[in-house]
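Notes follow the structure.
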Amino acid sequence: MDYSIFTSPQRDNGYDIADYRAVDQRFGTMADFEELTKEAKARDIGVMLDMVFNHTSTEHQWFKRAVAGEKEFQDYYKFVDGEPDSPPTNWVSKFGGNAWEYVPAIKKWYLHLFDVTQADLNWENPRVRQELKDIILFWKSKGVSGFRFDVINLISKPDSLQNDDIGDGRRFYTDGPKVHQYLKELVADTGIEEMITVGEMSSTSIDNCIKYSNPDEKELAMTFSFHHLKVDYKDGDKWSLMPYDKIAFKQLFKEWQEKMTDGNGWNALFLTNHDQPRIVSRFGDEKQYWRESAKLFAGVIHLMRGTPYVYQGEEIGMLNTHFTDINQYKDVESLNYYNILMEQGKNANQALDIINQRSRDNCRTPMQWDTSENDGFTTGKPWIEIPEYGKSITVSSQINDENSILAFYKKLIALRKQYRIISEGNISFDIAVPEQIISFQRKLEDECLYVIGNLGETETQITVSESLTKGQLLIHNYSDDVNIMEKSLNLRPYELLAILL
Ligand code: GLC
């Protein structure tokens with residue numbers, strides 16, 4: 001899982017950092033962290049840290065000194081002189097409202113692409129870049145194995161600031177003018193080229209992701225992109241609901257997977273993280289086909305080309321929170337948008353329904369280990385309530401069950417280690433299949449792996465080539481047998497198979 005552990009006022013769950021060199025006391029001490037990395041290493045596990053370098057908390061001493069009038073630190077952020085009533089541009093914060101905040105004491109506006117307490121850093125300033133490199137070197141010396149770089153493609157802002165008459169401003173700073181130059185410099189000067197690194201890329205493009213992740217460019221090892229998770233946003237709006245568009249979902253994977261292969265880029269593979277709802281609740285079936293749909297999406301991701309990520313609770317099929325009261329939510333984005341939706345005329349039930357489906361808190365409830373108090377996560381008080389369904393989906397109920405979702409994840413991971421075709425093979429998608437069927441092939445030398453899945457909840461028949469009927473069934477997500485000897489294959493709801501030739 002990814003999570004920021006540094007000292008923070010926790011306005012945005014730790015993505016508002018007040019001190020990059022200290023562990024927030026609510027998570028433990030530096031000694032705990034050092035012990036964790038050491039013990040993890042002894043078990044062949046590497047620890048990666050989340051570097052939130054696009055912005056700091058306004059509680060960071062750099063920001064405090066800036067607003068206290070120190071010019072040197074004002075140059076650490078995107079401050080612009082101005083009058084209280086006219087922000088420099090009409091750019092919109094990703095958490096709602098205008099992206100600029102006025103500081104009367106110094107008569108300047110500062111940019112915050114996220115919460116008002118998350119001030120964007122000024123990467124144009126070489127001193128800022130040096131500070132950030134020093135932070136990486138500090139954690140490198142503590143024995144971490146890699147880094148995730150939070151919204152790293154937003155760090156380079158344009159020289160001239162202008163209003164966006166057709167959008168929210170993102171086109172000016174997304175994959176900005178000097179982003180590749182800054183990344184190359186950061187990587188070269190900290191010597192992290194050989195480490196595992198992943199950049200979180202907001203609203204990015206394939207061409208840029210090839211550049212970020214092609215080894216020749218010496219930037220990052222891989223990229224997270226999100227287009228395939230916007231296929232249930234009506235008119236591109238996260239807060240407008242619609243069932244997910246299966247064709248767009250498949251088409252996006254086809255484009256990203258095939259073009260990243262052609263450009264020798266590398267994808268991070270995922271369907272969920274700490275900012276996304278639970279995948280079973282979102283694209284699967286929480287009830288009748290809970291087990292099958294959780295396994296299907298796991299298989300789709302783990303058998304593609306790239307590096308799969310498992311987010312806490314996904315491997316046991318955890319669900320959305322289904323909270324019944326807005327006060328149960330903690331996430332700043334959810335709370336802001338609840339108010340915005342009400343201002344737009346939604347009633348409380350409608351607004352809650354949208355938040356229930358879209359909130360980032362859906363994925364942020366504690367891991368459900370067992371049926372003891374707080375589902376075995378803590379003897380203390382969790383920061384957020386444990387969902388009502390919590391005790392019905394736990395690790396302890398799956399750990400000895402060979403048909404469990406957990407066992408399926410273990411099998412997928414083992415297969416990737418065992419078969420080079422999964423970890424290294426090329427990929428191409430077959431789009432001439434029924435709407436609810438996803439089908440792709442991996443190729444390595446003279447081997448071929450066919451992955452076929454039914455994304456829908458009705459049975460669907462497809463015809464496969466003669467050769468496929470002679471293949472070896474590598475993995476299958478139903479507990480009973482499937483007959484792959486026939487050219488006409490009947491795929492049950494959410495059924496997934498992978499056949500090796
Ligand atoms: C990333 C993080 C998210 C955070 C935002 C601002 O998208 O994943 O949790 O709110 O950046 O740091």
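In the structure tokens, chains take letters A, B, ... by order of appearance, with residues numbered from 1 within each chain and ligands from 1 in the order shown.
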
Open item on the list: Could you list, as a PyMOL selection string, every residue within 8 Å of stretch 102-117 of chain A, counting only C-alpha atoms and ignoring same-chain residues fewer than 4 positions away?
Closed with: chain A and resi 11-12+16+55+57-59+67-69+77-84+87-88+92-95+332

Can you tell me which residues surround A:Thr321 at a distance of at most 10 Å, considering only C-alpha atoms, apart from same-chain residues fewer than 4 positions away, and format the answer as a PDB file with all heavy atoms, in the first residue's frame?
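Output file out_38.pdb is given in full below:
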```
ATOM      1  N   PRO A 277     -12.232   4.002  -4.997  1.00  0.00           N
ATOM      2  CA  PRO A 277     -13.165   3.072  -4.340  1.00  0.00           C
ATOM      3  C   PRO A 277     -12.699   1.626  -4.529  1.00  0.00           C
ATOM      4  O   PRO A 277     -11.828   1.353  -5.350  1.00  0.00           O
ATOM      5  CB  PRO A 277     -14.484   3.301  -5.075  1.00  0.00           C
ATOM      6  CG  PRO A 277     -14.316   4.555  -5.850  1.00  0.00           C
ATOM      7  CD  PRO A 277     -12.846   4.721  -6.115  1.00  0.00           C
ATOM      8  N   ARG A 278     -13.299   0.716  -3.782  1.00  0.00           N
ATOM      9  CA  ARG A 278     -12.966  -0.712  -3.902  1.00  0.00           C
ATOM     10  C   ARG A 278     -13.451  -1.254  -5.249  1.00  0.00           C
ATOM     11  O   ARG A 278     -14.589  -0.989  -5.666  1.00  0.00           O
ATOM     12  CB  ARG A 278     -13.651  -1.496  -2.769  1.00  0.00           C
ATOM     13  CG  ARG A 278     -13.119  -1.135  -1.389  1.00  0.00           C
ATOM     14  CD  ARG A 278     -11.797  -1.788  -1.164  1.00  0.00           C
ATOM     15  NE  ARG A 278     -11.227  -1.436   0.138  1.00  0.00           N
ATOM     16  CZ  ARG A 278      -9.982  -1.744   0.474  1.00  0.00           C
ATOM     17  NH1 ARG A 278      -9.189  -2.383  -0.372  1.00  0.00           N
ATOM     18  NH2 ARG A 278      -9.518  -1.419   1.652  1.00  0.00           N
ATOM     19  N   SER A 281     -16.757  -3.416  -5.448  1.00  0.00           N
ATOM     20  CA  SER A 281     -17.974  -2.595  -5.339  1.00  0.00           C
ATOM     21  C   SER A 281     -18.176  -1.771  -6.597  1.00  0.00           C
ATOM     22  O   SER A 281     -19.294  -1.481  -6.981  1.00  0.00           O
ATOM     23  CB  SER A 281     -17.859  -1.636  -4.152  1.00  0.00           C
ATOM     24  OG  SER A 281     -17.517  -2.326  -2.988  1.00  0.00           O
ATOM     25  N   GLN A 328     -19.446  10.210   9.093  1.00  0.00           N
ATOM     26  CA  GLN A 328     -18.530   9.066   9.212  1.00  0.00           C
ATOM     27  C   GLN A 328     -17.302   9.239   8.309  1.00  0.00           C
ATOM     28  O   GLN A 328     -16.315   8.551   8.478  1.00  0.00           O
ATOM     29  CB  GLN A 328     -19.261   7.767   8.853  1.00  0.00           C
ATOM     30  CG  GLN A 328     -20.328   7.366   9.879  1.00  0.00           C
ATOM     31  CD  GLN A 328     -21.160   6.203   9.366  1.00  0.00           C
ATOM     32  OE1 GLN A 328     -21.976   6.349   8.468  1.00  0.00           O
ATOM     33  NE2 GLN A 328     -20.940   5.023   9.930  1.00  0.00           N
ATOM     34  N   TYR A 329     -17.402  10.158   7.343  1.00  0.00           N
ATOM     35  CA  TYR A 329     -16.281  10.378   6.429  1.00  0.00           C
ATOM     36  C   TYR A 329     -15.243  11.326   7.017  1.00  0.00           C
ATOM     37  O   TYR A 329     -15.574  12.233   7.776  1.00  0.00           O
ATOM     38  CB  TYR A 329     -16.791  10.934   5.086  1.00  0.00           C
ATOM     39  CG  TYR A 329     -17.425   9.858   4.248  1.00  0.00           C
ATOM     40  CD1 TYR A 329     -18.808   9.712   4.190  1.00  0.00           C
ATOM     41  CD2 TYR A 329     -16.634   8.964   3.553  1.00  0.00           C
ATOM     42  CE1 TYR A 329     -19.389   8.698   3.442  1.00  0.00           C
ATOM     43  CE2 TYR A 329     -17.199   7.942   2.804  1.00  0.00           C
ATOM     44  CZ  TYR A 329     -18.575   7.817   2.749  1.00  0.00           C
ATOM     45  OH  TYR A 329     -19.131   6.813   2.011  1.00  0.00           O
ATOM     46  N   ASN A 356     -20.751   8.053  -1.259  1.00  0.00           N
ATOM     47  CA  ASN A 356     -20.596   6.624  -0.967  1.00  0.00           C
ATOM     48  C   ASN A 356     -19.950   5.868  -2.121  1.00  0.00           C
ATOM     49  O   ASN A 356     -19.224   4.909  -1.914  1.00  0.00           O
ATOM     50  CB  ASN A 356     -21.957   5.979  -0.678  1.00  0.00           C
ATOM     51  CG  ASN A 356     -22.353   6.130   0.775  1.00  0.00           C
ATOM     52  OD1 ASN A 356     -21.517   6.467   1.611  1.00  0.00           O
ATOM     53  ND2 ASN A 356     -23.609   5.887   1.086  1.00  0.00           N
ATOM     54  N   GLN A 357     -20.229   6.303  -3.324  1.00  0.00           N
ATOM     55  CA  GLN A 357     -19.638   5.586  -4.461  1.00  0.00           C
ATOM     56  C   GLN A 357     -18.265   6.112  -4.841  1.00  0.00           C
ATOM     57  O   GLN A 357     -17.458   5.385  -5.386  1.00  0.00           O
ATOM     58  CB  GLN A 357     -20.571   5.695  -5.662  1.00  0.00           C
ATOM     59  CG  GLN A 357     -21.886   4.995  -5.380  1.00  0.00           C
ATOM     60  CD  GLN A 357     -22.609   4.627  -6.653  1.00  0.00           C
ATOM     61  OE1 GLN A 357     -22.009   4.089  -7.573  1.00  0.00           O
ATOM     62  NE2 GLN A 357     -23.891   4.911  -6.697  1.00  0.00           N
ATOM     63  N   SER A 359     -16.055   8.228  -2.776  1.00  0.00           N
ATOM     64  CA  SER A 359     -15.125   8.700  -1.745  1.00  0.00           C
ATOM     65  C   SER A 359     -13.824   7.908  -1.698  1.00  0.00           C
ATOM     66  O   SER A 359     -13.824   6.678  -1.837  1.00  0.00           O
ATOM     67  CB  SER A 359     -15.783   8.605  -0.370  1.00  0.00           C
ATOM     68  OG  SER A 359     -14.817   8.935   0.618  1.00  0.00           O
ATOM     69  N   ASP A 361     -12.321   7.525   1.003  1.00  0.00           N
ATOM     70  CA  ASP A 361     -12.366   6.765   2.261  1.00  0.00           C
ATOM     71  C   ASP A 361     -12.829   5.320   2.046  1.00  0.00           C
ATOM     72  O   ASP A 361     -12.620   4.468   2.909  1.00  0.00           O
ATOM     73  CB  ASP A 361     -13.289   7.447   3.275  1.00  0.00           C
ATOM     74  CG  ASP A 361     -12.583   8.577   4.024  1.00  0.00           C
ATOM     75  OD1 ASP A 361     -11.336   8.585   4.021  1.00  0.00           O
ATOM     76  OD2 ASP A 361     -13.274   9.434   4.589  1.00  0.00           O
ATOM     77  N   ASN A 362     -13.463   5.044   0.899  1.00  0.00           N
ATOM     78  CA  ASN A 362     -13.877   3.660   0.636  1.00  0.00           C
ATOM     79  C   ASN A 362     -12.714   2.690   0.771  1.00  0.00           C
ATOM     80  O   ASN A 362     -12.900   1.524   1.125  1.00  0.00           O
ATOM     81  CB  ASN A 362     -14.465   3.553  -0.777  1.00  0.00           C
ATOM     82  CG  ASN A 362     -15.902   4.010  -0.825  1.00  0.00           C
ATOM     83  OD1 ASN A 362     -16.706   3.617   0.025  1.00  0.00           O
ATOM     84  ND2 ASN A 362     -16.240   4.857  -1.788  1.00  0.00           N
ATOM     85  N   CYS A 363     -11.535   3.167   0.465  1.00  0.00           N
ATOM     86  CA  CYS A 363     -10.354   2.298   0.504  1.00  0.00           C
ATOM     87  C   CYS A 363      -9.497   2.537   1.744  1.00  0.00           C
ATOM     88  O   CYS A 363      -8.428   1.960   1.866  1.00  0.00           O
ATOM     89  CB  CYS A 363      -9.500   2.549  -0.728  1.00  0.00           C
ATOM     90  SG  CYS A 363      -9.576   1.219  -1.911  1.00  0.00           S
ATOM     91  N   ARG A 364      -9.927   3.422   2.604  1.00  0.00           N
ATOM     92  CA  ARG A 364      -9.043   3.837   3.691  1.00  0.00           C
ATOM     93  C   ARG A 364      -9.452   3.283   5.046  1.00  0.00           C
ATOM     94  O   ARG A 364      -8.919   3.694   6.073  1.00  0.00           O
ATOM     95  CB  ARG A 364      -8.996   5.366   3.741  1.00  0.00           C
ATOM     96  CG  ARG A 364      -8.341   5.949   2.510  1.00  0.00           C
ATOM     97  CD  ARG A 364      -8.330   7.456   2.526  1.00  0.00           C
ATOM     98  NE  ARG A 364      -7.605   7.962   1.365  1.00  0.00           N
ATOM     99  CZ  ARG A 364      -7.324   9.238   1.155  1.00  0.00           C
ATOM    100  NH1 ARG A 364      -7.699  10.143   2.021  1.00  0.00           N
ATOM    101  NH2 ARG A 364      -6.657   9.603   0.078  1.00  0.00           N
ATOM    102  N   THR A 365     -10.411   2.372   5.077  1.00  0.00           N
ATOM    103  CA  THR A 365     -10.786   1.785   6.365  1.00  0.00           C
ATOM    104  C   THR A 365      -9.754   0.706   6.721  1.00  0.00           C
ATOM    105  O   THR A 365      -9.076   0.168   5.845  1.00  0.00           O
ATOM    106  CB  THR A 365     -12.209   1.204   6.308  1.00  0.00           C
ATOM    107  OG1 THR A 365     -12.263   0.253   5.255  1.00  0.00           O
ATOM    108  CG2 THR A 365     -13.240   2.299   6.085  1.00  0.00           C
ATOM    109  N   GLU A 385     -14.248   4.805  11.165  1.00  0.00           N
ATOM    110  CA  GLU A 385     -15.030   3.631  11.593  1.00  0.00           C
ATOM    111  C   GLU A 385     -14.788   2.434  10.677  1.00  0.00           C
ATOM    112  O   GLU A 385     -14.547   2.597   9.482  1.00  0.00           O
ATOM    113  CB  GLU A 385     -16.517   3.956  11.501  1.00  0.00           C
ATOM    114  CG  GLU A 385     -17.045   4.664  12.704  1.00  0.00           C
ATOM    115  CD  GLU A 385     -18.498   5.061  12.487  1.00  0.00           C
ATOM    116  OE1 GLU A 385     -19.311   4.194  12.111  1.00  0.00           O
ATOM    117  OE2 GLU A 385     -18.782   6.258  12.677  1.00  0.00           O
ATOM    118  N   ILE A 386     -14.928   1.253  11.274  1.00  0.00           N
ATOM    119  CA  ILE A 386     -14.826   0.030  10.478  1.00  0.00           C
ATOM    120  C   ILE A 386     -16.210  -0.246   9.888  1.00  0.00           C
ATOM    121  O   ILE A 386     -17.217  -0.156  10.589  1.00  0.00           O
ATOM    122  CB  ILE A 386     -14.340  -1.117  11.381  1.00  0.00           C
ATOM    123  CG1 ILE A 386     -12.876  -0.825  11.690  1.00  0.00           C
ATOM    124  CG2 ILE A 386     -14.538  -2.471  10.730  1.00  0.00           C
ATOM    125  CD1 ILE A 386     -12.225  -1.740  12.632  1.00  0.00           C
ATOM    126  N   PRO A 387     -16.293  -0.510   8.587  1.00  0.00           N
ATOM    127  CA  PRO A 387     -17.613  -0.701   7.975  1.00  0.00           C
ATOM    128  C   PRO A 387     -18.380  -1.854   8.626  1.00  0.00           C
ATOM    129  O   PRO A 387     -17.781  -2.798   9.149  1.00  0.00           O
ATOM    130  CB  PRO A 387     -17.285  -1.044   6.526  1.00  0.00           C
ATOM    131  CG  PRO A 387     -15.882  -0.657   6.310  1.00  0.00           C
ATOM    132  CD  PRO A 387     -15.201  -0.671   7.630  1.00  0.00           C
ATOM    133  N   GLU A 388     -19.679  -1.778   8.537  1.00  0.00           N
ATOM    134  CA  GLU A 388     -20.562  -2.794   9.142  1.00  0.00           C
ATOM    135  C   GLU A 388     -20.247  -4.208   8.661  1.00  0.00           C
ATOM    136  O   GLU A 388     -20.302  -5.158   9.416  1.00  0.00           O
ATOM    137  CB  GLU A 388     -22.008  -2.498   8.731  1.00  0.00           C
ATOM    138  CG  GLU A 388     -22.577  -1.307   9.414  1.00  0.00           C
ATOM    139  CD  GLU A 388     -23.800  -1.658  10.246  1.00  0.00           C
ATOM    140  OE1 GLU A 388     -24.504  -2.638   9.907  1.00  0.00           O
ATOM    141  OE2 GLU A 388     -24.008  -0.950  11.221  1.00  0.00           O
ATOM    142  N   TYR A 389     -19.910  -4.322   7.375  1.00  0.00           N
ATOM    143  CA  TYR A 389     -19.701  -5.672   6.818  1.00  0.00           C
ATOM    144  C   TYR A 389     -18.369  -6.275   7.272  1.00  0.00           C
ATOM    145  O   TYR A 389     -18.090  -7.441   7.021  1.00  0.00           O
ATOM    146  CB  TYR A 389     -19.742  -5.605   5.271  1.00  0.00           C
ATOM    147  CG  TYR A 389     -18.446  -5.108   4.668  1.00  0.00           C
ATOM    148  CD1 TYR A 389     -17.406  -5.996   4.392  1.00  0.00           C
ATOM    149  CD2 TYR A 389     -18.223  -3.753   4.438  1.00  0.00           C
ATOM    150  CE1 TYR A 389     -16.189  -5.545   3.893  1.00  0.00           C
ATOM    151  CE2 TYR A 389     -17.019  -3.300   3.937  1.00  0.00           C
ATOM    152  CZ  TYR A 389     -16.006  -4.200   3.669  1.00  0.00           C
ATOM    153  OH  TYR A 389     -14.809  -3.757   3.201  1.00  0.00           O
ATOM    154  N   GLY A 390     -17.544  -5.448   7.953  1.00  0.00           N
ATOM    155  CA  GLY A 390     -16.152  -5.775   8.257  1.00  0.00           C
ATOM    156  C   GLY A 390     -15.870  -7.199   8.674  1.00  0.00           C
ATOM    157  O   GLY A 390     -14.971  -7.848   8.145  1.00  0.00           O
TER     158      GLY A 390
END
```

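Of the residues listed (A:Gly199, A:Gly236, A:Gly456, A:Pro177), A:Gly199 shows the shortest atom-to-atom separation from ligand 1; distances use only C-alpha atoms and all ligand atoms.
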
- [ ] Go through stretch 197-431 of chain A and collect every residue that DSSP, computed from the backbone, puts in alpha helix (DSSP H); the answer should be as JSON, numbers by chain.
- [x] {"A": [206, 207, 208, 209, 210, 211, 212, 213, 246, 247, 248, 249, 250, 251, 252, 253, 254, 255, 256, 257, 258, 259, 260, 261, 262, 279, 280, 281, 282, 290, 291, 292, 293, 294, 295, 296, 297, 298, 299, 300, 301, 302, 332, 333, 334, 335, 336, 337, 338, 339, 340, 341, 342, 343, 348, 349, 350, 351, 352, 353, 354, 355, 356, 357, 358, 405, 406, 407, 408, 409, 410, 411, 412, 413, 414, 415, 416, 417, 418, 420, 421, 422, 423, 424]}

- [ ] List the neighbours of A:His228 out to 6 Å using only C-alpha atoms; skip same-chain residues closer than 2 positions along the sequence, and give me the result as a ChimeraX atom specification.
- [x] /A:226,230,249,252

Create the file for the chosen residues now, containing C-alpha atoms and written as a short mmCIF file (atom, residue, chain, number, x, y, z; two decimals), in the first residue's frame.
```cif
data_model
loop_
_atom_site.label_atom_id
_atom_site.label_comp_id
_atom_site.auth_asym_id
_atom_site.auth_seq_id
_atom_site.Cartn_x
_atom_site.Cartn_y
_atom_site.Cartn_z
CA PHE A 226 -5.58 6.88 -14.22
CA LYS A 230 -12.34 7.44 -15.16
CA PHE A 249 -12.07 0.35 -20.20
CA LEU A 252 -7.74 2.28 -22.76
#
```

Task: Pick from A:Thr324, A:Ser225, A:Ser205, A:Gln461 nearest to ligand 1, counting only C-alpha atoms and all ligand atoms - done: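 Ranking A:Thr324, A:Ser225, A:Ser205, A:Gln461 by distance to ligand 1, first place goes to A:Ser225.
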
- [ ] Rank nothing, just name the residue among A:Arg129, A:Lys443, A:Arg305, A:Arg358 nearest to A:Trp239, using only C-alpha atoms.
- [x] A:Arg358

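Near A:Gln257, within 8 Å and counting only C-alpha atoms, sit Phe253, Thr261, Asn267, Met304, Arg305, Ile427 and Ser428 of chain A; same-chain residues fewer than 4 positions away were not included.
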
- [ ] Go through A:Arg442, A:Lys411, A:Arg148, A:Lys417 and flag the residue nearest ligand 1, using only C-alpha atoms and all ligand atoms for the distances.
- [x]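 Nearest to ligand 1: A:Arg148.
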
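Interatomic distance, atom CA of A:Leu474 to atom CA of A:Ala248: 27.5 Å.
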
Open item on the list: Just list as a list in words whatever in stretch 281-430 of chain A DSSP marks as strand (DSSP E or B).
Closed with: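 Those residues are Thr307, Pro308, Asn426, Ile427, Ser428 and Phe429 of chain A.
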